[in-house]
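Peer 1: Here it is, the structure in full.
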Amino acid sequence: MKIFLDTANIDAIKTWAVTGILDGITTNPTHLSKEGADPVEQVKEICAIMKDGQVSVEVTQKEPEKVYVQAKEIAKLADNVVVKVPCHKDYYVTIRKLIADGIPLNVTLVFSLTQSLMMCKLGVRYISPFVGRLNDIGDDGAGLLHDIRRMIDGYGYETQMLAASIRGVQDLNDAIMAGADVATVPVTVLEKATEHVLTDKGIKKFDEDWQKLGIKQFP
């Protein structure tokens, strides 16, 4: 499973990029607005840092024709840009045209199995079901991931499932168990997912026992 970092913060991206566990970045208008920088330059810098990964960048226009034009301009920002377009029926024709133009798409704000099926039929690269937001309204975000996985595998679609709106470590675990192709994870969740209290205790115990030997250099 690929791991994307869900942020537009340059410092966080640099910190995690060197670990070797990141496969990409997902941004959105909210992330970019928080950074207070020129969003075009911000995206270009992120793409340069993640030159071997993929960076999702979302459209901000609303009218279908304007979304089409903007998506093509966003795709020109860097070779590793994937354009995010909301999963709304008003954009189906736009999405189809962009796919025909060879623009890689991540269709975002997916909340149902039927929405996922439609996007697979159109041939988008990624669909992003929002796990946390479904859970917020009492629905089953993890269950949707499992349903989408069975649908994609059953019909042999090439679209990849990108688990989004990951609110905690359990959501990430659910994405792993559902066989998500990608999970996009906030910095705070990734930090928690890579830690465990027993690991810390184990390191401390081994160090304490080793110090009893009084060896200054090993080997």
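The way I read the labels, and the way they are meant: chains A, B, ... in the order of the structure tokens, residue 1 as the first residue of every chain, and ligand 1 as the first ligand shown, with later ones counted on from there.
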Would you write out, as CSV, a table of all residues in range 46-96 of chain A that have an atom no more than 8 Å from an atom of range 18-40 of chain A, listing for each the closest atom pair and the distance in Å to one decimal, considering only C-alpha atoms and ordering rows by chain and rising residue number?
Peer 2:
residue,atom,partner,partner_atom,distance
A:Met50,CA,A:Gly24,CA,6.6
A:Asp52,CA,A:Asp23,CA,7.7
A:Gly53,CA,A:Gly24,CA,4.6
A:Gln54,CA,A:Gly24,CA,4.5
A:Val55,CA,A:Ile25,CA,4.7
A:Ser56,CA,A:Thr26,CA,4.6
A:Val57,CA,A:Thr27,CA,5.5
A:Glu58,CA,A:Asn28,CA,5.4
A:Thr60,CA,A:Pro29,CA,7.3
A:Leu77,CA,A:Val40,CA,7.8
Peer 1: Taking only C-alpha atoms into account, produce a table as CSV in which each residue of range 86-139 of chain A with an atom at most 12 Å from an atom of range 181-190 of chain A appears once, together with its shortest atom pair and the distance in Å to one decimal, ordered by chain and rising number.
Peer 2:
residue,atom,partner,partner_atom,distance
A:Asn106,CA,A:Val182,CA,11.5
A:Thr108,CA,A:Thr184,CA,11.8
A:Arg125,CA,A:Asp181,CA,11.1
A:Tyr126,CA,A:Val182,CA,8.9
A:Ile127,CA,A:Val182,CA,9.9
A:Ser128,CA,A:Ala183,CA,9.0
A:Pro129,CA,A:Ala183,CA,10.1
A:Phe130,CA,A:Thr184,CA,10.3
A:Val131,CA,A:Ala183,CA,10.4
A:Gly132,CA,A:Val185,CA,11.4
Peer 1: Deliver the residues from the most recent selection as a file, using N, CA and C atoms, as a PDB file, in the first residue's frame.
Peer 2:
ATOM      1  N   ASN A 106      -7.477  12.381  -9.660  1.00  0.00           N
ATOM      2  CA  ASN A 106      -7.862  11.830  -8.374  1.00  0.00           C
ATOM      3  C   ASN A 106      -9.236  12.414  -8.074  1.00  0.00           C
ATOM      4  N   THR A 108     -12.177  13.184  -5.897  1.00  0.00           N
ATOM      5  CA  THR A 108     -12.292  13.329  -4.452  1.00  0.00           C
ATOM      6  C   THR A 108     -13.749  13.457  -4.005  1.00  0.00           C
ATOM      7  N   ARG A 125      -7.605   7.724 -12.376  1.00  0.00           N
ATOM      8  CA  ARG A 125      -6.486   7.019 -11.738  1.00  0.00           C
ATOM      9  C   ARG A 125      -6.813   6.651 -10.301  1.00  0.00           C
ATOM     10  N   TYR A 126      -7.361   7.600  -9.547  1.00  0.00           N
ATOM     11  CA  TYR A 126      -7.685   7.364  -8.139  1.00  0.00           C
ATOM     12  C   TYR A 126      -9.115   7.788  -7.839  1.00  0.00           C
ATOM     13  N   ILE A 127      -9.747   7.066  -6.935  1.00  0.00           N
ATOM     14  CA  ILE A 127     -10.966   7.537  -6.290  1.00  0.00           C
ATOM     15  C   ILE A 127     -10.657   7.666  -4.807  1.00  0.00           C
ATOM     16  N   SER A 128     -11.173   8.732  -4.193  1.00  0.00           N
ATOM     17  CA  SER A 128     -10.870   9.006  -2.790  1.00  0.00           C
ATOM     18  C   SER A 128     -12.129   8.954  -1.926  1.00  0.00           C
ATOM     19  N   PRO A 129     -12.477   7.764  -1.415  1.00  0.00           N
ATOM     20  CA  PRO A 129     -13.579   7.684  -0.455  1.00  0.00           C
ATOM     21  C   PRO A 129     -13.164   8.305   0.880  1.00  0.00           C
ATOM     22  N   PHE A 130     -14.057   9.090   1.455  1.00  0.00           N
ATOM     23  CA  PHE A 130     -13.760   9.824   2.687  1.00  0.00           C
ATOM     24  C   PHE A 130     -14.251   9.031   3.904  1.00  0.00           C
ATOM     25  N   VAL A 131     -13.344   8.319   4.506  1.00  0.00           N
ATOM     26  CA  VAL A 131     -13.676   7.421   5.618  1.00  0.00           C
ATOM     27  C   VAL A 131     -14.203   8.187   6.826  1.00  0.00           C
ATOM     28  N   GLY A 132     -13.432   9.174   7.281  1.00  0.00           N
ATOM     29  CA  GLY A 132     -13.795   9.887   8.504  1.00  0.00           C
ATOM     30  C   GLY A 132     -15.110  10.629   8.404  1.00  0.00           C
TER      31      GLY A 132
END
Peer 1: Per DSSP on the backbone, what are the strand (DSSP E or B) residues of range 83-164 of chain A, as a ChimeraX atom specification?
Peer 2: /A:83-86,105-110,126-130,160-164
Peer 1: Print the selection's residues with N, CA and C atoms to a file, as an mmCIF file, in the first residue's frame.
Peer 2:
data_model
loop_
_atom_site.group_PDB
_atom_site.id
_atom_site.type_symbol
_atom_site.label_atom_id
_atom_site.label_comp_id
_atom_site.auth_asym_id
_atom_site.auth_seq_id
_atom_site.Cartn_x
_atom_site.Cartn_y
_atom_site.Cartn_z
ATOM 1 N N VAL A 83 -4.444 15.738 -10.795
ATOM 2 C CA VAL A 83 -5.468 16.762 -10.565
ATOM 3 C C VAL A 83 -6.663 16.171 -9.822
ATOM 4 N N LYS A 84 -7.081 16.859 -8.767
ATOM 5 C CA LYS A 84 -8.250 16.429 -7.995
ATOM 6 C C LYS A 84 -9.501 17.164 -8.486
ATOM 7 N N VAL A 85 -10.542 16.374 -8.746
ATOM 8 C CA VAL A 85 -11.832 16.911 -9.183
ATOM 9 C C VAL A 85 -12.911 16.280 -8.306
ATOM 10 N N PRO A 86 -13.871 17.061 -7.801
ATOM 11 C CA PRO A 86 -14.926 16.487 -6.976
ATOM 12 C C PRO A 86 -15.801 15.495 -7.742
ATOM 13 N N LEU A 105 -6.172 11.853 -12.945
ATOM 14 C CA LEU A 105 -7.154 12.434 -12.032
ATOM 15 C C LEU A 105 -7.279 11.636 -10.733
ATOM 16 N N ASN A 106 -7.477 12.381 -9.660
ATOM 17 C CA ASN A 106 -7.862 11.830 -8.374
ATOM 18 C C ASN A 106 -9.236 12.414 -8.074
ATOM 19 N N VAL A 107 -10.270 11.613 -8.197
ATOM 20 C CA VAL A 107 -11.628 12.109 -7.954
ATOM 21 C C VAL A 107 -11.918 12.035 -6.464
ATOM 22 N N THR A 108 -12.177 13.184 -5.897
ATOM 23 C CA THR A 108 -12.292 13.329 -4.452
ATOM 24 C C THR A 108 -13.749 13.457 -4.005
ATOM 25 N N LEU A 109 -13.950 13.435 -2.691
ATOM 26 C CA LEU A 109 -15.285 13.538 -2.105
ATOM 27 C C LEU A 109 -16.200 12.416 -2.593
ATOM 28 N N VAL A 110 -15.674 11.191 -2.524
ATOM 29 C CA VAL A 110 -16.445 9.994 -2.875
ATOM 30 C C VAL A 110 -17.048 9.420 -1.597
ATOM 31 N N TYR A 126 -7.361 7.600 -9.547
ATOM 32 C CA TYR A 126 -7.685 7.364 -8.139
ATOM 33 C C TYR A 126 -9.115 7.788 -7.839
ATOM 34 N N ILE A 127 -9.747 7.066 -6.935
ATOM 35 C CA ILE A 127 -10.966 7.537 -6.290
ATOM 36 C C ILE A 127 -10.657 7.666 -4.807
ATOM 37 N N SER A 128 -11.173 8.732 -4.193
ATOM 38 C CA SER A 128 -10.870 9.006 -2.790
ATOM 39 C C SER A 128 -12.129 8.954 -1.926
ATOM 40 N N PRO A 129 -12.477 7.764 -1.415
ATOM 41 C CA PRO A 129 -13.579 7.684 -0.455
ATOM 42 C C PRO A 129 -13.164 8.305 0.880
ATOM 43 N N PHE A 130 -14.057 9.090 1.455
ATOM 44 C CA PHE A 130 -13.760 9.824 2.687
ATOM 45 C C PHE A 130 -14.251 9.031 3.904
ATOM 46 N N GLN A 160 -7.431 3.024 -8.856
ATOM 47 C CA GLN A 160 -6.924 2.700 -7.525
ATOM 48 C C GLN A 160 -7.758 3.395 -6.446
ATOM 49 N N MET A 161 -7.928 2.698 -5.326
ATOM 50 C CA MET A 161 -8.682 3.247 -4.198
ATOM 51 C C MET A 161 -7.735 3.967 -3.247
ATOM 52 N N LEU A 162 -8.011 5.244 -3.017
ATOM 53 C CA LEU A 162 -7.202 6.081 -2.144
ATOM 54 C C LEU A 162 -8.035 6.449 -0.927
ATOM 55 N N ALA A 163 -7.763 5.814 0.184
ATOM 56 C CA ALA A 163 -8.530 6.066 1.405
ATOM 57 C C ALA A 163 -8.178 7.444 1.956
ATOM 58 N N ALA A 164 -9.192 8.300 2.065
ATOM 59 C CA ALA A 164 -8.978 9.684 2.513
ATOM 60 C C ALA A 164 -9.793 9.962 3.766
#
Peer 1: Restricting the calculation to only C-alpha atoms, which member of A:Trp16, A:Leu145, A:Ile103, A:Gln211 is positioned closest to Thr194 in chain A?
Peer 2: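 Closest to Thr194 in chain A of all the choices is A:Trp16.
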Peer 1: Skipping near chain neighbours, those fewer than 4 positions away, what residues fall within 12 Å of Val67 in chain A using only C-alpha atoms, listed as a PyMOL selection string?
Peer 2: chain A and resi 58-63+71-74+83-86+90-95+97-98
Peer 1: If I take CA of Ala75 in chain A and CA of Asp6 in chain A, how far is one from the other in Å, to one decimal?
Peer 2: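 Rounded to one decimal, the two atoms are 18.9 Å apart.
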Peer 1: Using only C-alpha atoms, which of A:Lys205, A:Lys121, A:Lys51, A:Lys212 sits nearest Gly156 in chain A?
Peer 2: A:Lys121
Peer 1: CA of Thr15 in chain A and CA of Ile166 in chain A are how many Å apart?
Peer 2: 20.0 Å
Peer 1: Just the number, please: distance in Å from CA of Ile148 in chain A to CA of Tyr68 in chain A, one decimal.
Peer 2: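 CA of Ile148 in chain A sits 26.7 Å away from CA of Tyr68 in chain A.
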Peer 1: I need the residues in range 19-71 of chain A that are alpha helix (DSSP H) according to DSSP; give them as a list in words.
Peer 2: Pro29, Thr30, His31, Leu32, Ser33, Lys34, Glu35, Pro39, Val40, Glu41, Gln42, Val43, Lys44, Glu45, Ile46, Cys47, Ala48, Ile49, Pro64, Glu65, Lys66, Val67, Tyr68, Val69, Gln70 and Ala71 of chain A
Peer 1: Would you mind exporting the chosen residues as a short mmCIF file (atom, residue, chain, number, x, y, z; two decimals), in the first residue's frame, restricted to N, CA and C atoms?
Peer 2:
data_model
loop_
_atom_site.label_atom_id
_atom_site.label_comp_id
_atom_site.auth_asym_id
_atom_site.auth_seq_id
_atom_site.Cartn_x
_atom_site.Cartn_y
_atom_site.Cartn_z
N PRO A 29 -7.56 22.83 -1.26
CA PRO A 29 -7.60 24.28 -1.04
C PRO A 29 -7.42 24.69 0.42
N THR A 30 -7.95 23.89 1.34
CA THR A 30 -7.80 24.20 2.77
C THR A 30 -6.34 24.12 3.19
N HIS A 31 -5.66 23.05 2.81
CA HIS A 31 -4.25 22.90 3.15
C HIS A 31 -3.42 24.06 2.62
N LEU A 32 -3.63 24.40 1.36
CA LEU A 32 -2.84 25.46 0.73
C LEU A 32 -3.14 26.82 1.36
N SER A 33 -4.38 27.06 1.73
CA SER A 33 -4.74 28.35 2.32
C SER A 33 -4.09 28.52 3.69
N LYS A 34 -3.90 27.42 4.41
CA LYS A 34 -3.29 27.49 5.75
C LYS A 34 -1.83 27.93 5.69
N GLU A 35 -1.16 27.64 4.58
CA GLU A 35 0.27 27.94 4.49
C GLU A 35 0.54 29.41 4.20
N PRO A 39 0.12 29.79 -3.80
CA PRO A 39 -0.19 28.38 -3.97
C PRO A 39 0.51 27.73 -5.16
N VAL A 40 0.74 28.49 -6.21
CA VAL A 40 1.43 27.94 -7.38
C VAL A 40 2.87 27.57 -7.01
N GLU A 41 3.57 28.50 -6.36
CA GLU A 41 4.95 28.23 -5.96
C GLU A 41 5.01 27.14 -4.90
N GLN A 42 4.01 27.11 -4.03
CA GLN A 42 3.94 26.07 -2.99
C GLN A 42 3.82 24.69 -3.63
N VAL A 43 2.95 24.57 -4.60
CA VAL A 43 2.76 23.29 -5.29
C VAL A 43 4.03 22.88 -6.03
N LYS A 44 4.65 23.83 -6.69
CA LYS A 44 5.88 23.52 -7.43
C LYS A 44 6.98 23.02 -6.49
N GLU A 45 7.08 23.64 -5.31
CA GLU A 45 8.11 23.21 -4.36
C GLU A 45 7.80 21.81 -3.82
N ILE A 46 6.54 21.56 -3.54
CA ILE A 46 6.14 20.22 -3.07
C ILE A 46 6.47 19.17 -4.13
N CYS A 47 6.16 19.49 -5.36
CA CYS A 47 6.43 18.54 -6.46
C CYS A 47 7.92 18.28 -6.61
N ALA A 48 8.74 19.31 -6.38
CA ALA A 48 10.19 19.14 -6.48
C ALA A 48 10.71 18.26 -5.36
N ILE A 49 10.18 18.45 -4.16
CA ILE A 49 10.60 17.62 -3.02
C ILE A 49 10.22 16.16 -3.27
N PRO A 64 -18.25 23.62 -14.97
CA PRO A 64 -17.56 22.52 -15.63
C PRO A 64 -16.51 22.94 -16.65
N GLU A 65 -16.84 23.90 -17.53
CA GLU A 65 -15.87 24.31 -18.54
C GLU A 65 -14.64 24.97 -17.92
N LYS A 66 -14.88 25.73 -16.85
CA LYS A 66 -13.76 26.38 -16.17
C LYS A 66 -12.92 25.33 -15.41
N VAL A 67 -13.59 24.32 -14.88
CA VAL A 67 -12.87 23.22 -14.22
C VAL A 67 -11.95 22.52 -15.22
N TYR A 68 -12.47 22.32 -16.43
CA TYR A 68 -11.69 21.66 -17.49
C TYR A 68 -10.43 22.45 -17.81
N VAL A 69 -10.59 23.74 -18.01
CA VAL A 69 -9.44 24.60 -18.35
C VAL A 69 -8.45 24.65 -17.19
N GLN A 70 -8.97 24.83 -15.97
CA GLN A 70 -8.09 24.92 -14.81
C GLN A 70 -7.34 23.62 -14.56
N ALA A 71 -8.02 22.51 -14.73
CA ALA A 71 -7.39 21.20 -14.51
C ALA A 71 -6.19 21.01 -15.45
#
Peer 1: Would you please work out which residue, of A:Gly138, A:Gly179, A:Gly123, A:Pro104, is nearest to Arg150 in chain A when using only C-alpha atoms?
Peer 2: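 The closest residue to Arg150 in chain A is A:Gly179.
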